[in-house]
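Visitor: What follows is a structure written as C-alpha cells; I'll ask about it next.
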Amino acid sequence: MVNRKLAKLSKFRYAVLAAILLILSAGLVLLPKYEKHEGINPEELLSNAISPERYITSDQLANRIINQDPSLLLIDVRTAEHYNNYSLLNAINIPLKNLLDEESKAYLYQDAYDIVLYSNDNFYADQAWVLCNRLEYKNLYVLKGGINNWFNTIINPPKPTENMPAEDFELFSNRKAASMFFGVAYPEQAKKKPVEVKKVIPKKIIPVKKKKKMPVEGGC
Amino acid sequence: MKELEKTKRISIASVLFILVIIIGLLAYKRPKHLYSENTISTLEKISTNEYFVTLNDINTPDNVLVDIRNQFEYEKGHLENAINIYAPEILTDENSEIFEKLKTDNKTIILYGNTPSDVVSPYMILYQLGIDNIKILSSEITYFENNLISKDVAIEKYQNDVNAFIQESIKKAAIEVKPKPDIVKTPKKIIPIKKKKKMPVEGGC
C-alpha cells in the first residue's frame with residue numbers, strides 16, 4: 001500500500017519540484033529594489049558626518065596654499081556669480097546643484113588630491129560633503145566657516161589688543177603676512193620699502209685739550 | 001522503487017537547493033535603516049530653499065521642535081516645547097520610532113542647533129532615510145546673561161565683499177605710496193669753539 005502511494009506521488013515529483021523552483025524565481029523578481037540604496041549604510045554615514053574630522057581651519061588652508069601644496073584641490077560650491085566675485089587661489093567652481101554631474105565626478109571621485117570644499121559659510125559645503133561621503137568619495141574636507149570666516153581671519157585679521165597673550169600677536173602677524181600673499185595691501189607695507197636707514201657714523205671728536213695758559217706771573 | 005533510485009540524485013539536489021534558499025530567507029535580516037532617497041533626488045531637494053523655517057513660523061501645532069544639541073546644553077536652555085534628540089543618536093531604535101511616529105502623524109519636524117550648520121548632517125541623513133516632513137530652523141542660539149536668545153540668521157550670506165575689500169586696500173595703499181621720505185636727520189654736533197679768553201696783560205718786561 002505504502003509503495004503504491006509513494007509511486008503515485010513520485011509521478012508528480014518533478015512537476016512539484018519544478019513548480020517550487022518557479023515560485024522561488026518569481027520571488028526574485030518581486031524582491032524589493034535596492035536602487036536607491038546606493039553608498040555606505042546610514043549608521044556609518046552618520047558617524048562620519050558627526051565627526052569634525054572633515055573640517056580644515058582657515059589658517060591651515062592658508063598655510064597649505066602659500067606653501068603651494070601640490071596635493072591640494074579647492075572646490076567652490078557657491079554659484080558662479082559668487083565665484084566670479086571672489087574665489088580662493090586656483091579654485092574650481094562646481095555649484096552645489098551640479099555636484100553630481102558627470103564632469104564634477106571627475107574632480108571629486110579620485111584619491112590623488114585632498115579636496116577642500118568651501119562656500120560662504122560651511123552650510124552648503126557640508127551638504128555637498130555628506131552627499132559625497134555617502135558615495136564614498138575620498139579625501140574630502142570642508143573649510144570651517146567658509147569664505148566669511150576666511151575673510152575674518154586671513155584677509156582682515158582682527159588686531160590683538162594689548163592684554164592678549166604673545167601667541168595672538170604671532171598669529172596676527174602670520175595672518176597679516178598671509179593676507180598680503182592673497183593680495184591685500186597695507187599702507188605701511190608700501191612705506192617700508194624706501195626707508196633704508198643710512199647709518200651715519202658720527203665722527204668721533206677727540207677733544208684736544210688745550211694747554212691752559214697759565215696766567216703770566218711776573219716777568220724777568 | 002528502482003525507478004526512484006535512478007532519479008534520486010536529481011530529487012536530492014533540488015530539495016537541497018530549496019532548503020538553502022529557505023534558510024537564506026530566514027537568516028536574512030533586513031537592515032534597520034534604508035535610504036529611500038538617492039543622492040540625486042536629495043540634491044534636488046537641498047537646491048530648493050523650501051526646507052528652512054524662521055522663528056515666526058514655528059508656533060503652529062503641527063510643528064515639533066527637535067533640539068539636536070546634547071543634553072547638557074538642552075537643559076541649559078531650549079526653545080519652548082522642544083524635545084531633545086542628540087545628533088549622534090538620531091538612528092537609535094527609540095529615536096527612529098519617534099521620527100516614524102511624527103511622520104505618520106503628519107507633523108513637521110523642525111531641527112535646530114546652535115547654528116544652522118550644526119543641523120546639516122542630521123537633516124541630510126534623516127531626509128535620505130525617507131523622513132521628508134523635516135525642516136531646519138534658520139536661527140542661531142546665543143546666551144546673554146544665562147538667557148537663551150535665538151535670532152534668525154540668513155543662511156550662507158556673503159557677509160563681506162572680499163574682492164571689494166582687497167581692491168580698497170590696494171587703493172588705500174596706493175594713495176600713500178609716496179610717503180614723505182623722511183631722511184633721518186643726524187643732528188650735527190656743534191662743537192662750540194671756545195674763544196680764547198684774552199687774558200689781561202699782566203705786567204711785562
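Ordering of the C-alpha cells sets the chain letters (A, B, ...); residue numbers start at 1 within each chain; ligands are numbered from 1 in the order shown.
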Enumerate, as a VMD selection string, the complete set of residues in chain B that a backbone-based DSSP assignment places in helix (DSSP H, G or I).
Guide: chain B and resid 2 to 6 8 to 27 39 to 47 55 to 57 71 to 76 87 to 89 93 to 104 116 to 128 162 to 175
Visitor: Save the residues we just selected, C-alpha atoms, as a compact mmCIF listing (two decimals), in the first residue's frame?
Guide:
```
# COMPACT_ATOMS: atom_id res chain seq x y z
CA LYS B 2 14.21 1.08 -8.81
CA GLU B 3 12.96 3.98 -10.83
CA LEU B 4 13.10 6.07 -7.73
CA GLU B 5 16.72 5.25 -7.03
CA LYS B 6 17.70 6.23 -10.51
CA LYS B 8 17.30 10.10 -6.51
CA ARG B 9 20.14 12.45 -7.23
CA ILE B 10 18.03 14.98 -9.03
CA SER B 11 15.48 14.99 -6.26
CA ILE B 12 18.07 15.34 -3.54
CA ALA B 13 19.82 18.13 -5.36
CA SER B 14 16.68 20.13 -5.90
CA VAL B 15 15.48 19.60 -2.34
CA LEU B 16 18.82 20.79 -1.03
CA PHE B 17 18.64 23.78 -3.30
CA ILE B 18 15.24 24.73 -1.99
CA LEU B 19 16.40 24.22 1.58
CA VAL B 20 19.34 26.56 1.04
CA ILE B 21 17.06 29.23 -0.28
CA ILE B 22 14.63 28.86 2.61
CA ILE B 23 17.46 29.04 5.15
CA GLY B 24 18.79 32.08 3.35
CA LEU B 25 15.42 33.78 3.52
CA LEU B 26 15.03 33.02 7.20
CA ALA B 27 18.50 34.22 8.03
CA THR B 39 21.68 61.26 -3.79
CA ILE B 40 20.32 62.94 -6.90
CA SER B 41 16.83 63.43 -5.50
CA THR B 42 18.35 64.65 -2.25
CA LEU B 43 20.44 67.16 -4.13
CA GLU B 44 17.33 68.41 -5.89
CA LYS B 45 15.66 68.89 -2.54
CA ILE B 46 18.52 70.81 -0.97
CA SER B 47 18.86 73.00 -4.04
CA LEU B 55 11.29 81.71 14.21
CA ASN B 56 7.95 83.29 13.36
CA ASP B 57 6.61 80.16 11.76
CA GLN B 71 21.51 67.02 26.93
CA PHE B 72 23.62 69.45 28.91
CA GLU B 73 23.02 72.28 26.51
CA TYR B 74 19.39 71.32 26.17
CA GLU B 75 18.89 71.61 29.88
CA LYS B 76 20.76 74.86 30.00
CA ALA B 87 22.59 64.40 16.81
CA PRO B 88 24.73 61.22 17.08
CA GLU B 89 21.74 59.34 18.48
CA ASP B 93 15.70 52.40 17.83
CA GLU B 94 13.91 54.69 20.24
CA ASN B 95 14.53 57.83 18.25
CA SER B 96 13.74 56.18 14.93
CA GLU B 97 10.39 55.27 16.41
CA ILE B 98 9.82 58.87 17.42
CA PHE B 99 10.62 60.11 13.94
CA GLU B 100 8.44 57.47 12.32
CA LYS B 101 5.58 58.33 14.63
CA LEU B 102 5.87 62.01 13.87
CA LYS B 103 5.87 61.17 10.22
CA THR B 104 2.69 59.11 10.42
CA PRO B 116 22.04 76.08 11.23
CA SER B 117 25.31 74.48 10.12
CA ASP B 118 25.16 72.08 13.07
CA VAL B 119 21.91 70.70 11.80
CA VAL B 120 23.10 69.88 8.29
CA SER B 121 24.30 66.34 8.97
CA PRO B 122 21.27 65.08 10.92
CA TYR B 123 18.97 66.76 8.44
CA MET B 124 20.64 65.22 5.41
CA ILE B 125 20.65 61.75 6.90
CA LEU B 126 17.07 61.81 8.10
CA TYR B 127 15.88 63.18 4.79
CA GLN B 128 17.65 60.47 2.84
CA VAL B 162 36.19 90.17 -0.11
CA ASN B 163 37.08 91.31 -3.57
CA ALA B 164 35.98 94.86 -2.85
CA PHE B 165 37.94 94.82 0.38
CA ILE B 166 41.14 93.80 -1.37
CA GLN B 167 40.70 96.42 -4.09
CA GLU B 168 40.02 99.01 -1.43
CA SER B 169 43.15 98.10 0.47
CA ILE B 170 45.23 98.34 -2.67
CA LYS B 171 43.77 101.74 -3.41
CA LYS B 172 44.44 102.92 0.07
CA ALA B 173 47.99 101.74 -0.09
CA ALA B 174 48.46 103.35 -3.49
CA ILE B 175 47.50 106.76 -2.17
```
Visitor: Need the shell around Leu73 of chain A: protein/DNA/RNA residues with any atom at most 9 Å away, counting only C-alpha atoms. Skip same-chain ones fewer than 6 positions apart. Format as a VMD selection string?
Guide: chain A and resid 90 to 92 107 113 to 117
Visitor: Those residues with all heavy atoms, as a PDB file, in the first residue's frame please?
Guide:
```pdb
ATOM      1  N   ASN A  90      43.193  79.423  -7.446  1.00  0.00           N
ATOM      2  CA  ASN A  90      43.104  78.200  -8.261  1.00  0.00           C
ATOM      3  C   ASN A  90      41.918  77.302  -7.906  1.00  0.00           C
ATOM      4  O   ASN A  90      41.991  76.098  -8.110  1.00  0.00           O
ATOM      5  CB  ASN A  90      44.385  77.363  -8.143  1.00  0.00           C
ATOM      6  CG  ASN A  90      45.588  78.123  -8.590  1.00  0.00           C
ATOM      7  OD1 ASN A  90      45.483  78.993  -9.461  1.00  0.00           O
ATOM      8  ND2 ASN A  90      46.726  77.840  -7.998  1.00  0.00           N
ATOM      9  N   ALA A  91      40.871  77.876  -7.361  1.00  0.00           N
ATOM     10  CA  ALA A  91      39.718  77.051  -7.018  1.00  0.00           C
ATOM     11  C   ALA A  91      38.915  76.733  -8.267  1.00  0.00           C
ATOM     12  O   ALA A  91      38.934  77.480  -9.235  1.00  0.00           O
ATOM     13  CB  ALA A  91      38.842  77.761  -6.010  1.00  0.00           C
ATOM     14  N   ILE A  92      38.225  75.591  -8.193  1.00  0.00           N
ATOM     15  CA  ILE A  92      37.354  75.191  -9.299  1.00  0.00           C
ATOM     16  C   ILE A  92      35.917  75.421  -8.848  1.00  0.00           C
ATOM     17  O   ILE A  92      35.583  75.151  -7.707  1.00  0.00           O
ATOM     18  CB  ILE A  92      37.570  73.705  -9.625  1.00  0.00           C
ATOM     19  CG1 ILE A  92      38.994  73.490 -10.109  1.00  0.00           C
ATOM     20  CG2 ILE A  92      36.581  73.232 -10.670  1.00  0.00           C
ATOM     21  CD1 ILE A  92      39.406  72.048 -10.078  1.00  0.00           C
ATOM     22  N   TYR A 107      36.349  65.331 -10.949  1.00  0.00           N
ATOM     23  CA  TYR A 107      37.136  66.054  -9.951  1.00  0.00           C
ATOM     24  C   TYR A 107      37.012  65.422  -8.573  1.00  0.00           C
ATOM     25  O   TYR A 107      37.985  65.328  -7.830  1.00  0.00           O
ATOM     26  CB  TYR A 107      36.659  67.508  -9.848  1.00  0.00           C
ATOM     27  CG  TYR A 107      37.006  68.346 -11.045  1.00  0.00           C
ATOM     28  CD1 TYR A 107      36.017  68.832 -11.876  1.00  0.00           C
ATOM     29  CD2 TYR A 107      38.330  68.660 -11.322  1.00  0.00           C
ATOM     30  CE1 TYR A 107      36.325  69.600 -12.977  1.00  0.00           C
ATOM     31  CE2 TYR A 107      38.649  69.432 -12.418  1.00  0.00           C
ATOM     32  CZ  TYR A 107      37.641  69.899 -13.247  1.00  0.00           C
ATOM     33  OH  TYR A 107      37.965  70.650 -14.321  1.00  0.00           O
ATOM     34  N   TYR A 113      44.221  63.874  -4.829  1.00  0.00           N
ATOM     35  CA  TYR A 113      44.231  65.192  -4.206  1.00  0.00           C
ATOM     36  C   TYR A 113      43.473  65.196  -2.885  1.00  0.00           C
ATOM     37  O   TYR A 113      42.596  64.374  -2.672  1.00  0.00           O
ATOM     38  CB  TYR A 113      43.566  66.220  -5.125  1.00  0.00           C
ATOM     39  CG  TYR A 113      44.321  66.492  -6.393  1.00  0.00           C
ATOM     40  CD1 TYR A 113      43.925  65.899  -7.584  1.00  0.00           C
ATOM     41  CD2 TYR A 113      45.409  67.352  -6.397  1.00  0.00           C
ATOM     42  CE1 TYR A 113      44.619  66.156  -8.764  1.00  0.00           C
ATOM     43  CE2 TYR A 113      46.096  67.606  -7.561  1.00  0.00           C
ATOM     44  CZ  TYR A 113      45.705  67.002  -8.741  1.00  0.00           C
ATOM     45  OH  TYR A 113      46.386  67.263  -9.893  1.00  0.00           O
ATOM     46  N   ASP A 114      43.822  66.168  -2.052  1.00  0.00           N
ATOM     47  CA  ASP A 114      42.972  66.494  -0.909  1.00  0.00           C
ATOM     48  C   ASP A 114      42.040  67.590  -1.374  1.00  0.00           C
ATOM     49  O   ASP A 114      42.495  68.681  -1.706  1.00  0.00           O
ATOM     50  CB  ASP A 114      43.815  67.021   0.261  1.00  0.00           C
ATOM     51  CG  ASP A 114      44.539  65.899   0.960  1.00  0.00           C
ATOM     52  OD1 ASP A 114      44.160  64.739   0.735  1.00  0.00           O
ATOM     53  OD2 ASP A 114      45.475  66.181   1.712  1.00  0.00           O
ATOM     54  N   ILE A 115      40.768  67.301  -1.385  1.00  0.00           N
ATOM     55  CA  ILE A 115      39.826  68.289  -1.890  1.00  0.00           C
ATOM     56  C   ILE A 115      39.245  69.083  -0.736  1.00  0.00           C
ATOM     57  O   ILE A 115      38.790  68.505   0.251  1.00  0.00           O
ATOM     58  CB  ILE A 115      38.704  67.607  -2.678  1.00  0.00           C
ATOM     59  CG1 ILE A 115      39.308  66.920  -3.897  1.00  0.00           C
ATOM     60  CG2 ILE A 115      37.649  68.607  -3.100  1.00  0.00           C
ATOM     61  CD1 ILE A 115      38.322  66.172  -4.707  1.00  0.00           C
ATOM     62  N   VAL A 116      39.279  70.390  -0.838  1.00  0.00           N
ATOM     63  CA  VAL A 116      38.657  71.233   0.178  1.00  0.00           C
ATOM     64  C   VAL A 116      37.440  71.904  -0.431  1.00  0.00           C
ATOM     65  O   VAL A 116      37.546  72.648  -1.391  1.00  0.00           O
ATOM     66  CB  VAL A 116      39.637  72.291   0.710  1.00  0.00           C
ATOM     67  CG1 VAL A 116      38.951  73.181   1.724  1.00  0.00           C
ATOM     68  CG2 VAL A 116      40.841  71.623   1.337  1.00  0.00           C
ATOM     69  N   LEU A 117      36.284  71.586   0.124  1.00  0.00           N
ATOM     70  CA  LEU A 117      35.049  72.205  -0.341  1.00  0.00           C
ATOM     71  C   LEU A 117      34.813  73.467   0.470  1.00  0.00           C
ATOM     72  O   LEU A 117      35.049  73.480   1.664  1.00  0.00           O
ATOM     73  CB  LEU A 117      33.866  71.255  -0.128  1.00  0.00           C
ATOM     74  CG  LEU A 117      33.936  69.894  -0.797  1.00  0.00           C
ATOM     75  CD1 LEU A 117      32.893  68.990  -0.195  1.00  0.00           C
ATOM     76  CD2 LEU A 117      33.710  70.020  -2.277  1.00  0.00           C
TER      77      LEU A 117
END
```
Visitor: Nearest to chain B among A:Lys210, A:Arg4, A:Lys105, A:Lys97, with distances taken over only C-alpha atoms: which residue is it?
Guide: A:Lys97
Visitor: Under the rule that only C-alpha atoms are counted, which of B:Phe144, B:Tyr112, B:Tyr35, B:Tyr28 is the nearest residue to chain A?
Guide: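 Counting only C-alpha atoms, the residue closest to chain A is B:Tyr35.
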Visitor: Any idea what's packed within 9 Å of Glu136 of chain A, counting only C-alpha atoms, ignoring anything in its chain fewer than 6 positions away? Could you give it as a list in words?
Guide: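 Counting only C-alpha atoms, the residues come to Gly39, Ile40 and Tyr109 of chain A.
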Visitor: In Å, rounded to a single decimal, give me how far atom CA of Gly145 of chain A is from atom CA of Asp59 of chain A.
Guide: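 Rounded to one decimal, the two atoms are 11.5 Å apart.
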Visitor: Which one of A:Ala106, A:Ile50, A:Ile206, A:His37 sits closest to Arg69 of chain B if you count only C-alpha atoms?
Guide: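 Using only C-alpha atoms, Arg69 of chain B sits closest to A:Ile50.
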Visitor: Can you pull out the residues contacting Pro160 of chain A? Cut-off 10 Å, using only C-alpha atoms, and skip same-chain residues under 4 positions away; I want them as a ChimeraX atom specification.
Guide: /A:164-173
Visitor: Report, in Å with one decimal, the straight-line distance from atom CA of Thr142 of chain B to atom CA of Leu79 of chain B.
Guide: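 So the answer is 11.8 Å.
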Visitor: Identify, with DSSP run on backbone atoms, the residues in segment 11-190 of chain A assigned to strand (DSSP E or B), and express the list as a ChimeraX atom specification.
Guide: /A:55-56,72-76,92-93,114-118,140-143
Visitor: Print the selection's residues with N, CA, C and O atoms to a file, as a compact mmCIF listing (two decimals), in the first residue's frame.
Guide:
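Result written to again_33.txt:
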```txt
# COMPACT_ATOMS: atom_id res chain seq x y z
N TYR A 55 36.76 69.04 8.95
CA TYR A 55 36.98 70.48 8.90
C TYR A 55 38.45 70.83 8.84
O TYR A 55 39.28 70.24 9.52
N ILE A 56 38.76 71.80 8.04
CA ILE A 56 40.10 72.34 7.96
C ILE A 56 39.96 73.83 8.30
O ILE A 56 39.03 74.48 7.84
N LEU A 72 46.70 69.74 -3.15
CA LEU A 72 45.51 70.47 -2.69
C LEU A 72 44.64 70.85 -3.89
O LEU A 72 45.13 71.35 -4.89
N LEU A 73 43.35 70.57 -3.76
CA LEU A 73 42.42 70.98 -4.80
C LEU A 73 41.24 71.67 -4.12
O LEU A 73 40.60 71.09 -3.27
N LEU A 74 41.01 72.93 -4.50
CA LEU A 74 39.93 73.69 -3.88
C LEU A 74 38.70 73.66 -4.78
O LEU A 74 38.80 73.86 -5.98
N ILE A 75 37.56 73.42 -4.16
CA ILE A 75 36.31 73.41 -4.93
C ILE A 75 35.31 74.35 -4.29
O ILE A 75 35.02 74.27 -3.11
N ASP A 76 34.85 75.28 -5.10
CA ASP A 76 33.91 76.30 -4.68
C ASP A 76 32.51 75.81 -5.02
O ASP A 76 32.19 75.64 -6.19
N ILE A 92 38.23 75.59 -8.19
CA ILE A 92 37.35 75.19 -9.30
C ILE A 92 35.92 75.42 -8.85
O ILE A 92 35.58 75.15 -7.71
N ASN A 93 35.10 75.93 -9.74
CA ASN A 93 33.71 76.22 -9.38
C ASN A 93 32.80 75.05 -9.77
O ASN A 93 32.67 74.73 -10.94
N ASP A 114 43.82 66.17 -2.05
CA ASP A 114 42.97 66.49 -0.91
C ASP A 114 42.04 67.59 -1.37
O ASP A 114 42.50 68.68 -1.71
N ILE A 115 40.77 67.30 -1.39
CA ILE A 115 39.83 68.29 -1.89
C ILE A 115 39.24 69.08 -0.74
O ILE A 115 38.79 68.50 0.25
N VAL A 116 39.28 70.39 -0.84
CA VAL A 116 38.66 71.23 0.18
C VAL A 116 37.44 71.90 -0.43
O VAL A 116 37.55 72.65 -1.39
N LEU A 117 36.28 71.59 0.12
CA LEU A 117 35.05 72.20 -0.34
C LEU A 117 34.81 73.47 0.47
O LEU A 117 35.05 73.48 1.66
N TYR A 118 34.37 74.52 -0.18
CA TYR A 118 34.01 75.69 0.60
C TYR A 118 32.84 76.43 -0.01
O TYR A 118 32.57 76.31 -1.19
N LEU A 140 37.96 64.20 1.16
CA LEU A 140 37.21 65.44 1.08
C LEU A 140 37.26 66.18 2.41
O LEU A 140 37.15 65.57 3.47
N TYR A 141 37.44 67.48 2.33
CA TYR A 141 37.47 68.31 3.53
C TYR A 141 36.55 69.50 3.33
O TYR A 141 36.17 69.82 2.21
N VAL A 142 36.24 70.16 4.44
CA VAL A 142 35.38 71.33 4.38
C VAL A 142 36.08 72.48 5.08
O VAL A 142 36.62 72.30 6.17
N LEU A 143 36.09 73.62 4.45
CA LEU A 143 36.68 74.80 5.09
C LEU A 143 35.74 75.30 6.18
O LEU A 143 34.62 75.70 5.91
```
Visitor: Tell me, as a PyMOL selection string, which residues lie within 9 Å of Leu45 of chain A, counting only C-alpha atoms; anything in the same chain fewer than 3 positions away does not count.
Guide: (chain A and resi 40-42+48-50+130+133-134) or (chain B and resi 125)
Visitor: One decimal, Å: what's the distance from atom CA of Phe52 of chain B over to atom CA of Ile131 of chain B, could you say?
Guide: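 Separation between atom CA of Phe52 of chain B and atom CA of Ile131 of chain B: 15.3 Å.
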Visitor: Rank A:Ala112, A:Ala128, A:Val184, A:Leu22 by their smallest atom-to-atom distance to chain B, using only C-alpha atoms, and report the top residue only.
Guide: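 So, comparing all the options, the nearest one is A:Val184.
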Visitor: Using only C-alpha atoms, which of B:Arg30, B:His78, B:Lys196, B:Lys157 sits nearest chain A?
Guide: B:Lys157
Visitor: For each of B:Asn114, B:Asn38, B:Asn59, B:Ser139, take the minimum atom-to-atom distance to chain A, counting only C-alpha atoms, then give the residue where this is smallest.
Guide: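 The shortest atom-to-atom distance to chain A comes from B:Asn38.
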